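Okay, data_35.cif is below, mmCIF, C-alpha atoms:
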```
data_work
#
loop_
_atom_site.label_atom_id
_atom_site.label_comp_id
_atom_site.auth_asym_id
_atom_site.auth_seq_id
_atom_site.Cartn_x
_atom_site.Cartn_y
_atom_site.Cartn_z
CA MET Z 1 94.50 110.28 106.10
CA LYS Z 2 97.43 108.20 107.35
CA VAL Z 3 99.23 105.85 104.98
CA GLU Z 4 102.05 103.46 105.83
CA ILE Z 5 104.18 102.19 102.94
CA PHE Z 6 105.92 98.88 103.62
CA SER Z 7 108.84 98.47 101.22
CA ASP Z 8 112.48 97.57 100.76
CA VAL Z 9 114.89 99.99 99.12
CA VAL Z 10 116.29 97.23 96.87
CA CYS Z 11 112.84 96.26 95.56
CA PRO Z 12 112.23 97.61 92.04
CA TRP Z 13 108.45 97.32 92.26
CA CYS Z 14 108.57 99.28 95.52
CA TYR Z 15 110.36 102.08 93.67
CA VAL Z 16 107.73 102.05 90.93
CA GLY Z 17 104.86 101.78 93.41
CA HIS Z 18 106.14 104.64 95.53
CA ALA Z 19 106.45 106.87 92.47
CA ARG Z 20 102.88 106.10 91.42
CA PHE Z 21 101.53 106.58 94.92
CA ALA Z 22 103.36 109.90 95.26
CA ARG Z 23 101.63 111.19 92.14
CA ALA Z 24 98.24 110.01 93.39
CA ALA Z 25 98.84 111.58 96.80
CA GLN Z 26 99.84 114.86 95.18
CA ALA Z 27 96.60 114.85 93.18
CA PHE Z 28 94.58 114.19 96.33
CA ARG Z 29 96.29 117.02 98.16
CA ALA Z 30 95.62 119.31 95.19
CA LYS Z 31 91.92 118.63 95.74
CA GLY Z 32 92.21 119.74 99.35
CA GLY Z 33 92.89 116.34 100.91
CA SER Z 34 95.51 115.62 103.54
CA ILE Z 35 97.77 112.54 103.58
CA GLU Z 36 100.42 111.72 106.16
CA VAL Z 37 102.86 109.13 104.78
CA THR Z 38 105.13 106.95 106.90
CA MET Z 39 107.70 104.64 105.36
CA ARG Z 40 107.88 101.20 106.97
CA PRO Z 41 110.68 98.60 106.65
CA PHE Z 42 110.57 95.20 105.01
CA GLN Z 43 113.59 93.04 104.27
CA LEU Z 44 113.44 90.87 101.17
CA ASN Z 45 116.74 89.21 102.00
CA PRO Z 46 117.57 89.63 105.70
CA ASP Z 47 120.69 87.47 105.36
CA ALA Z 48 122.32 89.55 102.62
CA SER Z 49 125.80 90.80 103.44
CA THR Z 50 126.39 94.54 103.54
CA GLU Z 51 129.71 93.96 101.78
CA GLY Z 52 127.65 93.83 98.62
CA GLU Z 53 127.99 92.00 95.31
CA PRO Z 54 126.79 92.69 91.75
CA LEU Z 55 123.03 92.20 91.66
CA LEU Z 56 122.59 90.38 88.34
CA PRO Z 57 124.79 87.37 89.23
CA ALA Z 58 122.97 87.14 92.57
CA LEU Z 59 119.63 87.12 90.80
CA GLU Z 60 120.82 84.51 88.30
CA ARG Z 61 121.84 82.19 91.14
CA LYS Z 62 118.37 82.61 92.62
CA PHE Z 63 116.16 82.55 89.53
CA GLY Z 64 118.23 81.16 86.67
CA ALA Z 65 118.74 82.33 83.11
CA GLY Z 66 115.45 84.24 82.80
CA VAL Z 67 116.70 87.18 84.84
CA ALA Z 68 117.44 89.39 81.82
CA GLN Z 69 113.84 89.14 80.62
CA MET Z 70 112.46 89.84 84.10
CA THR Z 71 114.66 92.88 84.67
CA SER Z 72 113.87 94.19 81.20
CA ARG Z 73 110.16 94.22 81.98
CA VAL Z 74 110.40 96.15 85.24
CA THR Z 75 112.97 98.50 83.69
CA ASP Z 76 110.50 99.39 80.93
CA VAL Z 77 107.66 99.91 83.41
CA ALA Z 78 109.86 102.09 85.60
CA ALA Z 79 110.93 104.20 82.63
CA GLU Z 80 107.27 105.11 82.08
CA GLU Z 81 107.38 106.65 85.57
CA GLY Z 82 110.56 108.56 84.80
CA LEU Z 83 112.74 106.14 86.78
CA ASP Z 84 116.11 104.93 85.49
CA LEU Z 85 116.77 101.35 86.57
CA ARG Z 86 120.27 100.06 85.80
CA PHE Z 87 120.43 96.49 86.99
CA ASP Z 88 123.88 96.10 85.45
CA ARG Z 89 125.19 98.57 88.06
CA ALA Z 90 123.04 97.62 91.07
CA ILE Z 91 124.59 95.98 94.13
CA SER Z 92 122.93 93.25 96.18
CA THR Z 93 123.29 94.15 99.86
CA GLY Z 94 121.70 94.10 103.30
CA THR Z 95 119.24 96.92 103.99
CA LEU Z 96 118.75 97.01 107.76
CA GLU Z 97 120.89 100.15 108.19
CA ALA Z 98 119.21 101.79 105.21
CA HIS Z 99 115.85 101.22 106.90
CA ARG Z 100 117.22 102.64 110.14
CA LEU Z 101 118.27 105.77 108.26
CA VAL Z 102 114.75 106.11 106.82
CA GLU Z 103 113.38 105.79 110.34
CA VAL Z 104 115.66 108.61 111.53
CA ALA Z 105 114.65 110.70 108.52
CA THR Z 106 110.98 110.08 109.27
CA GLY Z 107 111.47 111.67 112.67
CA GLN Z 108 112.82 114.73 110.87
CA GLY Z 109 109.96 114.88 108.36
CA LEU Z 110 112.11 113.53 105.52
CA GLY Z 111 111.20 109.85 105.40
CA GLU Z 112 109.89 109.78 101.84
CA GLU Z 113 112.77 111.90 100.58
CA MET Z 114 115.32 109.61 102.23
CA ALA Z 115 113.66 106.50 100.83
CA ASP Z 116 113.57 107.99 97.36
CA ARG Z 117 117.27 108.85 97.53
CA LEU Z 118 118.07 105.29 98.61
CA PHE Z 119 116.02 103.84 95.75
CA ARG Z 120 117.89 106.02 93.28
CA ALA Z 121 121.26 105.23 94.86
CA HIS Z 122 120.65 101.51 94.49
CA PHE Z 123 118.95 101.32 91.11
CA THR Z 124 120.50 104.22 89.21
CA ASP Z 125 123.78 105.20 90.85
CA GLY Z 126 125.05 101.68 91.53
CA LEU Z 127 125.88 102.45 95.16
CA ASN Z 128 126.00 99.95 98.02
CA VAL Z 129 123.14 101.12 100.25
CA GLY Z 130 124.33 98.79 102.99
CA ASP Z 131 127.68 100.56 103.34
CA ALA Z 132 127.98 102.95 106.29
CA GLY Z 133 130.03 105.50 104.37
CA VAL Z 134 127.59 105.54 101.47
CA LEU Z 135 124.65 105.94 103.84
CA ALA Z 136 126.32 108.87 105.58
CA LYS Z 137 126.77 110.67 102.26
CA LEU Z 138 123.20 109.96 101.18
CA ALA Z 139 121.85 111.24 104.49
CA ALA Z 140 123.78 114.47 104.05
CA GLU Z 141 122.43 114.86 100.52
CA ALA Z 142 118.87 114.44 101.79
CA GLY Z 143 119.40 116.88 104.63
CA VAL Z 144 119.05 114.18 107.27
CA ARG Z 145 121.04 114.30 110.49
CA ASP Z 146 121.82 110.71 111.44
CA THR Z 147 121.41 110.40 115.19
CA GLY Z 148 122.40 106.74 115.22
CA GLU Z 149 118.99 105.85 116.59
CA GLY Z 150 116.11 103.93 115.07
CA ALA Z 151 117.35 100.32 115.12
CA ALA Z 152 114.86 99.15 117.74
CA GLU Z 153 111.99 100.86 115.94
CA VAL Z 154 112.95 99.24 112.65
CA ARG Z 155 113.04 95.77 114.19
CA GLU Z 156 109.67 96.39 115.82
CA GLN Z 157 108.11 97.44 112.52
CA ILE Z 158 109.61 94.45 110.69
CA GLY Z 159 108.03 92.24 113.32
CA ARG Z 160 104.75 94.12 112.99
CA ALA Z 161 104.75 93.48 109.24
CA ARG Z 162 105.04 89.76 109.96
CA ARG Z 163 102.20 89.93 112.48
CA LEU Z 164 100.04 91.70 109.93
CA GLY Z 165 100.70 88.88 107.49
CA ILE Z 166 102.65 91.01 105.02
CA THR Z 167 104.77 88.73 102.84
CA GLY Z 168 105.30 90.92 99.77
CA VAL Z 169 106.00 94.56 99.02
CA PRO Z 170 105.15 97.24 98.29
CA LEU Z 171 102.09 97.32 100.51
CA PHE Z 172 100.16 100.50 101.22
CA LEU Z 173 98.25 100.41 104.49
CA PHE Z 174 95.61 103.11 104.86
CA GLU Z 175 94.52 104.06 108.36
CA GLY Z 176 95.82 100.72 109.65
CA GLN Z 177 92.83 99.02 108.03
CA PHE Z 178 92.78 99.11 104.24
CA ALA Z 179 95.55 97.55 102.18
CA VAL Z 180 96.67 97.96 98.58
CA SER Z 181 99.34 95.49 97.48
CA GLY Z 182 101.86 95.87 94.69
CA ALA Z 183 102.85 98.61 92.30
CA GLN Z 184 99.31 99.47 91.29
CA PRO Z 185 98.63 101.81 88.34
CA TYR Z 186 98.22 105.49 89.11
CA GLU Z 187 94.47 105.26 88.45
CA THR Z 188 94.07 102.43 90.95
CA MET Z 189 96.04 104.34 93.57
CA THR Z 190 93.91 107.42 93.03
CA ALA Z 191 90.71 105.41 93.33
CA ALA Z 192 91.94 103.70 96.50
CA ILE Z 193 92.79 107.03 98.15
CA ASP Z 194 89.38 108.43 97.27
CA GLU Z 195 87.64 105.29 98.53
CA VAL Z 196 89.47 105.30 101.84
CA ALA Z 197 88.61 108.98 102.28
CA GLY Z 198 84.97 107.91 102.36
CA ARG Z 199 85.45 104.75 104.42
CA ILE Z 200 87.73 105.78 107.27
CA GLY Z 201 86.67 104.11 110.48
CA GLU Z 202 85.78 100.69 109.07
CA THR Z 203 87.55 97.51 110.17
CA PRO Z 204 89.38 95.15 109.71
CA ILE Z 205 92.21 95.23 107.11
CA GLN Z 206 90.68 94.85 103.67
CA GLN Z 207 92.31 94.52 100.26
CA LEU Z 208 91.03 97.30 98.02
CA ALA Z 209 92.53 95.89 94.80
CA ALA Z 210 93.84 92.61 93.48
CA PRO Z 211 97.57 92.32 94.19
CA ALA Z 212 99.81 93.80 91.49
CA ASP Z 213 103.51 93.32 90.76
CA GLY Z 214 105.62 93.26 93.89
CA CYS Z 215 108.43 91.40 95.64
CA ASP Z 216 107.67 88.43 97.85
CA ASP Z 217 109.20 87.50 101.16
CA GLY Z 218 112.71 86.13 100.70
CA TYR Z 219 113.83 87.77 97.47
CA CYS Z 220 112.61 89.67 94.43
CA ALA Z 221 111.75 87.92 91.19
CA VAL Z 222 111.66 91.00 88.98
#
```
Output the file's structure as structure tokens, nothing else.
Amino acid sequence: MKVEIFSDVVCPWCYVGHARFARAAQAFRAKGGSIEVTMRPFQLNPDASTEGEPLLPALERKFGAGVAQMTSRVTDVAAEEGLDLRFDRAISTGTLEAHRLVEVATGQGLGEEMADRLFRAHFTDGLNVGDAGVLAKLAAEAGVRDTGEGAAEVREQIGRARRLGITGVPLFLFEGQFAVSGAQPYETMTAAIDEVAGRIGETPIQQLAAPADGCDDGYCAV
């Protein structure tokens, strides 16, 4: 089974959704199933500067005074998955180069590992994942050799996401046909994987669950 995960490394619901999917995929593999996962890029804020700025003030400018309540909710949900989200340390930044690094890592069989390290760098470590020096260190930590390639592939996949009508992330695309949107519960992810296992070959793209929490095109209202 082939699964493409469209996400942005500065999207908290993508972090949660990826963690839940990873557990569901592990359970499926434990039953003898096979899943090939490919990380795909999506930019919530394509115009963000890679110089970076504290995330909370940026969110407050976008969404107003309710940001603390919104971040508190996703922080609590993430904690249930063992994820430590520290919005007070996070840095708003551009993610095109981070996506390129994931693309390079994918070619080396380390796409998920690289994405996970970037999520953690942004949400827990308070690092600027748009900074070239930071990305170089993170690549080394993940065992990824940055070849400098991947930019064209990333732009192509971002365009493909638009053509597919993807406007929010995370989105899990099974076999290029079946879609699950948002950070679905583990049980929903498990059920979706099992369902696709019995439906491979059907067309066209079909939503297998009502959309859950995610980040919409343009920015992330957490």
Test item: residues at most 6 Å from segment 156-170 of chain Z, all atoms listed in the file, excluding those fewer than 3 positions along its chain, as a ChimeraX atom specification: /Z:6-7,14,41-42,153,182,214-217
Output of the PyMOL selection byres ((chain Z and resi 103) around 12), listed as number ranges by chain: Z: 38-41, 96-102, 104-115, 139, 144-158
d(atom CA of Arg20 of chain Z, atom CA of Pro185 of chain Z) in Å: 6.8 Å
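The two atoms in question, atom CA of Thr95 of chain Z and atom CA of Lys137 of chain Z, are spaced 15.8 Å apart.
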Matched chain/residue IDs from the PyMOL selection byres ((chain Z and resi 21) around 12), as a PyMOL selection string: chain Z and resi 3-5+13-20+22-28+35+37+81+112+170-173+180-193
Interatomic distance (Å, one decimal) between atom CA of Asp125 of chain Z and atom CA of Asp213 of chain Z: 23.5 Å
Within 8 Å of Val10 of chain Z using only C-alpha atoms, minus same-chain residues under 6 positions, as a list in words: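 Result of the neighbour search: Ser92, Thr95, Phe119, His122 and Phe123 of chain Z.
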Sphere at (118.9, 90.0, 81.0), radius 12 Å, counting only C-alpha atoms: residues as a PyMOL selection string: chain Z and resi 55-57+59-60+63-75+86-88+222
Which residue of Z:Pro12, Z:Lys62, Z:Thr50, Z:Leu135 approaches Leu83 of chain Z most closely, using all atoms listed in the file: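 Counting all atoms listed in the file, the residue closest to Leu83 of chain Z is Z:Pro12.
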Could you tell me, as a PDB file with C-alpha atoms, keeping the file's coordinate frame, exactly which residues end up selected when the PyMOL selection byres ((chain Z and resi 47) around 12) is applied to this structure?
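result_35.pdb written:
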```pdb
ATOM      1  CA  GLN Z  43     113.590  93.040 104.270  1.00  0.00           C
ATOM      2  CA  LEU Z  44     113.440  90.870 101.170  1.00  0.00           C
ATOM      3  CA  ASN Z  45     116.740  89.210 102.000  1.00  0.00           C
ATOM      4  CA  PRO Z  46     117.570  89.630 105.700  1.00  0.00           C
ATOM      5  CA  ALA Z  48     122.320  89.550 102.620  1.00  0.00           C
ATOM      6  CA  SER Z  49     125.800  90.800 103.440  1.00  0.00           C
ATOM      7  CA  THR Z  50     126.390  94.540 103.540  1.00  0.00           C
ATOM      8  CA  GLU Z  51     129.710  93.960 101.780  1.00  0.00           C
ATOM      9  CA  GLY Z  52     127.650  93.830  98.620  1.00  0.00           C
ATOM     10  CA  SER Z  92     122.930  93.250  96.180  1.00  0.00           C
ATOM     11  CA  THR Z  93     123.290  94.150  99.860  1.00  0.00           C
ATOM     12  CA  GLY Z  94     121.700  94.100 103.300  1.00  0.00           C
ATOM     13  CA  THR Z  95     119.240  96.920 103.990  1.00  0.00           C
ATOM     14  CA  LEU Z  96     118.750  97.010 107.760  1.00  0.00           C
ATOM     15  CA  GLY Z 218     112.710  86.130 100.700  1.00  0.00           C
ATOM     16  CA  TYR Z 219     113.830  87.770  97.470  1.00  0.00           C
TER      17      TYR Z 219
END
```
